[in-house]
2 protein chains.
Amino acid sequence: MKLEGHIGLAHGAGGPAMRALIAELLSDGEGEFPLDDGAVIPLGDRFLVVTTDSHVISPRFFPGGDIGRLSVAGTVNDLAVMGATEPLALTCAIVVEEGFELEELARIQTSIRATCREAGTRVVTGDTKVMGRGEVDGLVVNTTGLGFAERVVPTAGLRPGDRIVVSGTVGDHGLAILAVRNDLHLDADLRSDVAPLNGLVRAALEAGGAGVAALTDPTRGGLSGALHEMAAGSGVGIVIEDGVVPLSDAVRAAGELLGIDPLQVANEGKVVLGVRPEVSEVVLAALRAHPLGRDAAVVGTATADQVGRVILDTGFGRRLLTELDGEIAPRIC
Amino acid sequence: MKLEGHIGLAHGAGGPAMRALIAELLSDGEGEFPLDDGAVIPLGDRFLVVTTDSHVISPRFFPGGDIGRLSVAGTVNDLAVMGATEPLALTCAIVVEEGFELEELARIQTSIRATCREAGTRVVTGDTKVMGRGEVDGLVVNTTGLGFAERVVPTAGLRPGDRIVVSGTVGDHGLAILAVRNDLHLDADLRSDVAPLNGLVRAALEAGGAGVAALTDPTRGGLSGALHEMAAGSGVGIVIEDGVVPLSDAVRAAGELLGIDPLQVANEGKVVLGVRPEVSEVVLAALRAHPLGRDAAVVGTATADQVGRVILDTGFGRRLLTELDGEIAPRIC
């Protein structure tokens with residue numbers, strides 16, 4: 001990508017435009033910049049995994065969570081899907097608008113603490129910067145996480161025949177945010193799935209060992225974005241069976257009302273696993289035995305052909321699942 | 001501090017209000033939250049040091065540097081003053097306003113790369129979030145840094161009799177920014193001192209060993225803020241000899257024009273050391289032998305009385321140096 005023109009919302013959307021921008025901006029110009037969920041630093045016989053994320057979600061409080069829970073869970077999950085399921089420490093740096101209510105900041109802090117406890121980690125250092133009124137919309141929270149992995153699990157470790165497993169229903173986070181913003185009134189309860197998944201991932205890795213060959217969390221870009229990244233990076237195609245991807249009734253209803261495909265919007269409490277066929281059943285069982293993985297399902301298979309593509313098999317025919325490069329909605333995380 | 005009311009500019013000013021806010025917000029409620037330049041995680045016989053900072057400086061390009069150089073140097077320096085003078089890796093997360101020019105982002109990235117090379121480190125992972133027009137003023141850059149220290153040097157390791165050493169002229173960064181904002185036209189060249197100091201700190205530690213007992217960088221709050229933190233944390237007083245603190249002519253002139261004490265404004269390329277008297281000469285010589293420490297000077301002494309206070313000895317009498325709790329200027333770093 002040539003760095004000309006201006007930043008558009010797609011540059012923050014988790015798709016190809018963002019990946020190209022980060023690669024171009026952050027590469028040190030000497031060798032490839034590793035674009036996985038985090039970076040890996042070998043230390044002795046272990047790997048230190050490092051990941052960073054800024055959170056700008058609007059609204060800051062939403063059904064199922066808030067910006068504090070989102071920040072901690074997002075960072076813990078990025079570590080977990082690299083194989084670092086015991087997060088060593090987080091940092092937390094906030095940029096806050098002058099005039100922001102301290103009581104709200106305290107509520108967010110309470111949520112940060114509670115989510116850290118849930119994940120078995122803690123914030124070890126922080127920073128506060130204040131911008132003037134109108135210079136930032138409320139609050140930006142950056143969390144950076146550290147953890148050790150015995151084995152680093154790549155996003156793109158698939159080979160043909162591997163099963164694609166999703167740990168539960170998809171689309172909940174993105175559609176919960178969009179429903180609030182659009183003032184949708186649904187019969188069913190639509191809540192973000194935001195949760196720290198390190199315990200769930202640990203259970204899957206303990207059950208499947210090296211048979212868990214690929215792992216990522218389908219955040220920005222949704223399940224579709226995650227599958228495209230897995231397929232392209234692994235040099236395989238992915239065929240998904242239509243109708244087997246878990247969807248809640250509320251997500252289905254909200255998706256239809258808003259005209260949005262639940263496979264294209266962010267999740268904050270789900271993982272996607274690429275699993276060797278011989279361990280797919282034990283991994284699925286381990287996921288389902290965990291409270292955060294009850295709805296886990298095998299949704300598809302990696303193929304040798306159609307490299308880089310994600311195909312939806314409807315039973316009557318096949319169609320390509322597209323990867324969005326635009327932004328369905330900004331500030332979703 | 002009770003979390004009531006609203007965020008004010010003082011909460012981002014590096015003084016007591018900010019320290020109290022961070023302590024209150026980020027403490028896990030179980031034991032003291034360590035408020036040094038970074039956090040320390042023991043790993044085997046070494047210490048992993050972690051530090052995080054968000055940068056919101058305005059303007060983004062200024063005499064002597066830019067937000068990219070500032071971000072890298074600030075984080076490298078926070079590691080260095082903890083004793084981690086070989087930064088292992090940085091993360092870099094940006095929040096950018098829709099419509100921001102990609103060409104400017106590329107210039108900032110070039111500066112980030114160059115400053116990383118200067119410090120012997122690199123950015124290993126990143127994140128990009130886009131906020132809509134008017135939702136953030138241009139660009140926020142968060143950098144988090146990791147490094148190992150054999151020995152962690154505290155901010156507050158002073159005991160009575162220790163010499164206070166400053167690595168060069170003070171006030172350059174803060175007054176350079178304020179001069180630009182106030183459109184001051186000075187005869188002398190007024191530039192920010194922003195620079196990565198890990199090489200300079202390494203030289204001082206190699207020369208003084210454990211005799212370098214306290215170390216910090218006088219960023220927000222300036223030299224005065226740093227000395228107050230050192231004095232209060234160490235349970236000593238500090239007497240500074242007026243007239244021996246190095247000041248450039250340009251800083252002196254700008255300070256007088258703006259009515260601002262150069263000891264109260266941010267530095268981004270200086271360190272303050274507390275040194276045992278028996279090694280103060282070798283440490284001073286080591287600092288002066290380094291290009292970034294040519295103007296280093298012994299400026300004062302730690303005392304057993306006047307605990308927590310910083311006293312300016314004018315030769316004719318003594319007066320207390322006050323620690324500002326307000327903000328001389330927001331978005332200085």
# chains A, B, ... in the order shown; residues from 1 in each chain; ligands from 1
call {"tool": "residues_around", "arguments": {"residues": "Gly209 in chain B", "least_positions_apart": "6", "cutoff": "12 Å", "atoms": "only C-alpha atoms", "output": "list of chain:residue names"}}
result
B:Gly83, B:Glu150, B:Arg151, B:Val152, B:Val153, B:Val201, B:Arg202, B:Ala203, B:Val275, B:Arg276, B:Glu278, B:Val279, B:Ser280, B:Val282, B:Val283, B:Ala286
call {"tool": "write_last_selection", "arguments": {"atoms": "all heavy atoms", "output": "compact mmCIF listing (two decimals), in the first residue's frame"}}
result
# COMPACT_ATOMS: atom_id res chain seq x y z
N GLY B 83 16.38 0.78 35.11
CA GLY B 83 17.56 -0.09 35.02
C GLY B 83 17.55 -1.01 33.81
O GLY B 83 18.47 -1.80 33.64
N GLU B 150 19.00 -6.20 35.31
CA GLU B 150 19.70 -7.07 36.27
C GLU B 150 19.40 -6.57 37.67
O GLU B 150 19.20 -7.33 38.61
CB GLU B 150 21.21 -7.05 36.04
CG GLU B 150 21.65 -7.37 34.61
CD GLU B 150 21.29 -8.79 34.20
OE1 GLU B 150 21.36 -9.69 35.05
OE2 GLU B 150 20.92 -8.99 33.02
N ARG B 151 19.40 -5.24 37.79
CA ARG B 151 19.08 -4.59 39.06
C ARG B 151 18.08 -3.50 38.76
O ARG B 151 18.28 -2.71 37.84
CB ARG B 151 20.35 -3.95 39.65
CG ARG B 151 20.12 -3.17 40.94
CD ARG B 151 21.43 -2.66 41.54
NE ARG B 151 21.99 -1.51 40.84
CZ ARG B 151 21.78 -0.24 41.17
NH1 ARG B 151 21.01 0.07 42.20
NH2 ARG B 151 22.31 0.74 40.49
N VAL B 152 16.98 -3.47 39.51
CA VAL B 152 15.99 -2.41 39.31
C VAL B 152 16.42 -1.19 40.11
O VAL B 152 16.68 -1.28 41.31
CB VAL B 152 14.60 -2.89 39.75
CG1 VAL B 152 13.60 -1.74 39.68
CG2 VAL B 152 14.14 -4.04 38.87
N VAL B 153 16.53 -0.06 39.44
CA VAL B 153 16.90 1.17 40.13
C VAL B 153 15.61 1.93 40.45
O VAL B 153 14.85 2.27 39.56
CB VAL B 153 17.81 2.04 39.24
CG1 VAL B 153 18.34 3.22 40.03
CG2 VAL B 153 18.96 1.22 38.66
N VAL B 201 22.11 6.26 30.22
CA VAL B 201 21.87 5.64 31.52
C VAL B 201 22.78 4.43 31.72
O VAL B 201 23.33 4.21 32.80
CB VAL B 201 20.38 5.25 31.68
CG1 VAL B 201 20.17 4.40 32.93
CG2 VAL B 201 19.51 6.50 31.73
N ARG B 202 22.97 3.66 30.64
CA ARG B 202 23.85 2.50 30.73
C ARG B 202 25.26 2.94 31.12
O ARG B 202 25.90 2.32 31.99
CB ARG B 202 23.88 1.75 29.40
CG ARG B 202 24.44 0.33 29.49
CD ARG B 202 24.54 -0.32 28.10
NE ARG B 202 23.29 -0.20 27.37
CZ ARG B 202 23.18 0.19 26.10
NH1 ARG B 202 24.25 0.48 25.39
NH2 ARG B 202 22.00 0.27 25.54
N ALA B 203 25.73 4.03 30.53
CA ALA B 203 27.06 4.54 30.85
C ALA B 203 27.15 4.92 32.33
O ALA B 203 28.14 4.62 33.01
CB ALA B 203 27.39 5.73 29.95
N VAL B 275 22.99 9.76 43.64
CA VAL B 275 24.25 9.03 43.55
C VAL B 275 24.96 9.09 44.90
O VAL B 275 25.02 10.15 45.53
CB VAL B 275 25.11 9.65 42.43
CG1 VAL B 275 26.43 8.93 42.30
CG2 VAL B 275 24.37 9.62 41.11
N ARG B 276 25.48 7.95 45.34
CA ARG B 276 26.25 7.95 46.59
C ARG B 276 27.47 8.86 46.40
O ARG B 276 28.08 8.87 45.31
CB ARG B 276 26.73 6.52 46.91
CG ARG B 276 25.62 5.49 47.03
CD ARG B 276 24.81 5.61 48.32
NE ARG B 276 23.83 4.53 48.42
CZ ARG B 276 22.50 4.70 48.52
NH1 ARG B 276 21.96 5.91 48.54
NH2 ARG B 276 21.71 3.66 48.63
N GLU B 278 30.52 8.79 47.14
CA GLU B 278 31.82 8.24 46.73
C GLU B 278 31.92 7.95 45.23
O GLU B 278 33.03 7.81 44.69
CB GLU B 278 32.16 6.98 47.55
CG GLU B 278 31.16 5.84 47.47
CD GLU B 278 30.02 5.95 48.50
OE1 GLU B 278 29.76 7.07 49.02
OE2 GLU B 278 29.37 4.91 48.77
N VAL B 279 30.76 7.86 44.53
CA VAL B 279 30.85 7.61 43.08
C VAL B 279 30.36 8.81 42.26
O VAL B 279 30.28 8.72 41.03
CB VAL B 279 30.07 6.34 42.66
CG1 VAL B 279 30.66 5.09 43.32
CG2 VAL B 279 28.59 6.48 42.94
N SER B 280 30.04 9.92 42.93
CA SER B 280 29.42 11.00 42.17
C SER B 280 30.35 11.56 41.09
O SER B 280 29.89 11.89 40.00
CB SER B 280 28.94 12.12 43.12
OG SER B 280 30.03 12.74 43.74
N VAL B 282 32.76 9.88 39.36
CA VAL B 282 32.89 8.98 38.20
C VAL B 282 31.60 8.93 37.39
O VAL B 282 31.62 8.82 36.16
CB VAL B 282 33.33 7.54 38.59
CG1 VAL B 282 34.74 7.55 39.19
CG2 VAL B 282 32.34 6.85 39.51
N VAL B 283 30.45 9.03 38.09
CA VAL B 283 29.18 9.03 37.36
C VAL B 283 29.07 10.32 36.54
O VAL B 283 28.68 10.29 35.35
CB VAL B 283 27.99 8.89 38.33
CG1 VAL B 283 26.67 9.15 37.62
CG2 VAL B 283 27.99 7.49 38.96
N ALA B 286 31.21 10.00 33.52
CA ALA B 286 30.63 9.09 32.52
C ALA B 286 29.51 9.77 31.76
O ALA B 286 29.38 9.63 30.54
CB ALA B 286 30.12 7.82 33.21
call {"tool": "closest_atom_pairs", "arguments": {"of": "chain A", "to": "chain B", "cutoff": "7 Å", "atoms": "only C-alpha atoms", "output": "Markdown table"}}
result
| residue | atom | partner | partner_atom | distance |
| --- | --- | --- | --- | --- |
| A:Leu3 | CA | B:Leu102 | CA | 5.3 |
| A:Glu4 | CA | B:Leu102 | CA | 5.2 |
| A:Gly5 | CA | B:Leu102 | CA | 5.6 |
| A:His6 | CA | B:Glu101 | CA | 4.4 |
| A:Ile7 | CA | B:Gly99 | CA | 4.8 |
| A:Gly8 | CA | B:Glu98 | CA | 5.2 |
| A:Leu9 | CA | B:Val130 | CA | 5.9 |
| A:His11 | CA | B:Val130 | CA | 6.7 |
| A:Gly12 | CA | B:Lys129 | CA | 4.6 |
| A:Ile22 | CA | B:Gly126 | CA | 7.0 |
| A:Leu25 | CA | B:Gln109 | CA | 5.9 |
| A:Leu26 | CA | B:Val123 | CA | 6.7 |
| A:Asp28 | CA | B:Arg113 | CA | 6.3 |
| A:Gly38 | CA | B:Thr125 | CA | 6.1 |
| A:Ala39 | CA | B:Thr125 | CA | 5.6 |
| A:Thr51 | CA | B:Thr125 | CA | 6.6 |
| A:Thr52 | CA | B:Gly126 | CA | 6.2 |
| A:Asp53 | CA | B:Asp127 | CA | 5.6 |
| A:Ser54 | CA | B:Ala93 | CA | 6.4 |
| A:Thr91 | CA | B:Thr52 | CA | 6.5 |
| A:Ala93 | CA | B:Asp53 | CA | 6.3 |
| A:Glu98 | CA | B:Ile7 | CA | 5.1 |
| A:Gly99 | CA | B:Ile7 | CA | 4.8 |
| A:Phe100 | CA | B:Ile7 | CA | 5.1 |
| A:Glu101 | CA | B:His6 | CA | 4.4 |
| A:Leu102 | CA | B:His6 | CA | 5.1 |
| A:Glu103 | CA | B:Glu4 | CA | 5.5 |
| A:Ala106 | CA | B:Leu3 | CA | 6.5 |
| A:Gln109 | CA | B:Leu25 | CA | 5.9 |
| A:Arg113 | CA | B:Asp28 | CA | 6.2 |
| A:Val123 | CA | B:Leu26 | CA | 6.7 |
| A:Val124 | CA | B:Ala39 | CA | 5.8 |
| A:Thr125 | CA | B:Ala39 | CA | 5.6 |
| A:Gly126 | CA | B:Thr52 | CA | 6.2 |
| A:Asp127 | CA | B:Asp53 | CA | 5.6 |
| A:Thr128 | CA | B:Gly12 | CA | 5.7 |
| A:Lys129 | CA | B:Gly12 | CA | 4.6 |
| A:Val130 | CA | B:Gly12 | CA | 4.8 |
| A:Met131 | CA | B:Arg331 | CA | 6.7 |
| A:Glu135 | CA | B:Asp137 | CA | 5.0 |
| A:Val136 | CA | B:Val136 | CA | 4.2 |
| A:Asp137 | CA | B:Glu135 | CA | 5.0 |
| A:Arg331 | CA | B:Met131 | CA | 6.7 |
call {"tool": "atom_distance", "arguments": {"atom1": "CA of Val239 in chain B", "atom2": "CA of Gly208 in chain B"}}
result
21.9 Å
call {"tool": "residues_around", "arguments": {"residues": "Arg318 in chain A", "least_positions_apart": "2", "cutoff": "12 Å", "atoms": "only C-alpha atoms", "output": "list in words"}}
result
Ile238, Val239, Ile240, Glu241, Asp242, Arg309, Val310, Ile311, Leu312, Asp313, Thr314, Gly315, Phe316, Leu320 and Leu321 of chain A
call {"tool": "select_by_dssp", "arguments": {"residues": "range 83-301 of chain A", "states": "helix (DSSP H, G or I)", "output": "PyMOL selection string"}}
result
chain A and resi 102-119+172-181+198-211+222-234+249-258+262-264+277-288+291-293
call {"tool": "residues_around", "arguments": {"residues": "Ala296 in chain B", "least_positions_apart": "6", "cutoff": "7 Å", "atoms": "only C-alpha atoms", "output": "PyMOL selection string"}}
result
chain B and resi 166-168+284+287-288
call {"tool": "write_last_selection", "arguments": {"atoms": "N, CA and C atoms", "output": "compact mmCIF listing (two decimals), in the first residue's frame"}}
result
# COMPACT_ATOMS: atom_id res chain seq x y z
N VAL B 166 21.87 15.97 37.54
CA VAL B 166 20.98 16.13 36.38
C VAL B 166 21.84 15.98 35.13
N SER B 167 21.31 15.29 34.11
CA SER B 167 22.15 14.93 32.96
C SER B 167 22.34 16.05 31.94
N GLY B 168 21.70 17.21 32.19
CA GLY B 168 21.88 18.32 31.26
C GLY B 168 20.89 19.44 31.54
N LEU B 284 29.43 11.43 37.13
CA LEU B 284 29.38 12.70 36.41
C LEU B 284 30.29 12.65 35.18
N LEU B 287 28.67 10.52 32.48
CA LEU B 287 27.57 11.25 31.81
C LEU B 287 28.14 12.26 30.83
N ARG B 288 29.14 13.00 31.27
CA ARG B 288 29.69 14.08 30.42
C ARG B 288 30.42 13.54 29.21
call {"tool": "closest_residue", "arguments": {"among": "B:Ile164, B:Gly65, B:Val76, B:Leu184", "to": "Glu256 in chain B", "atoms": "only C-alpha atoms"}}
result
B:Leu184
call {"tool": "select_by_dssp", "arguments": {"residues": "range 48-292 of chain A", "states": "strand (DSSP E or B)", "output": "PyMOL selection string"}}
result
chain A and resi 48-55+61-62+65-66+87-97+101+123-131+136+139-149+163-166+212-216+237-241+272-275
call {"tool": "closest_residue", "arguments": {"among": "B:Val299, B:Leu292, B:Ala304, B:Val165", "to": "Val194 in chain B", "atoms": "only C-alpha atoms"}}
result
B:Leu292
call {"tool": "closest_residue", "arguments": {"among": "A:Leu205, A:Ala214, A:Leu200, A:Val251", "to": "Val170 in chain A", "atoms": "only C-alpha atoms"}}
result
A:Val251
call {"tool": "atom_distance", "arguments": {"atom1": "CA of Leu70 in chain B", "atom2": "CA of Pro218 in chain B"}}
result
14.0 Å
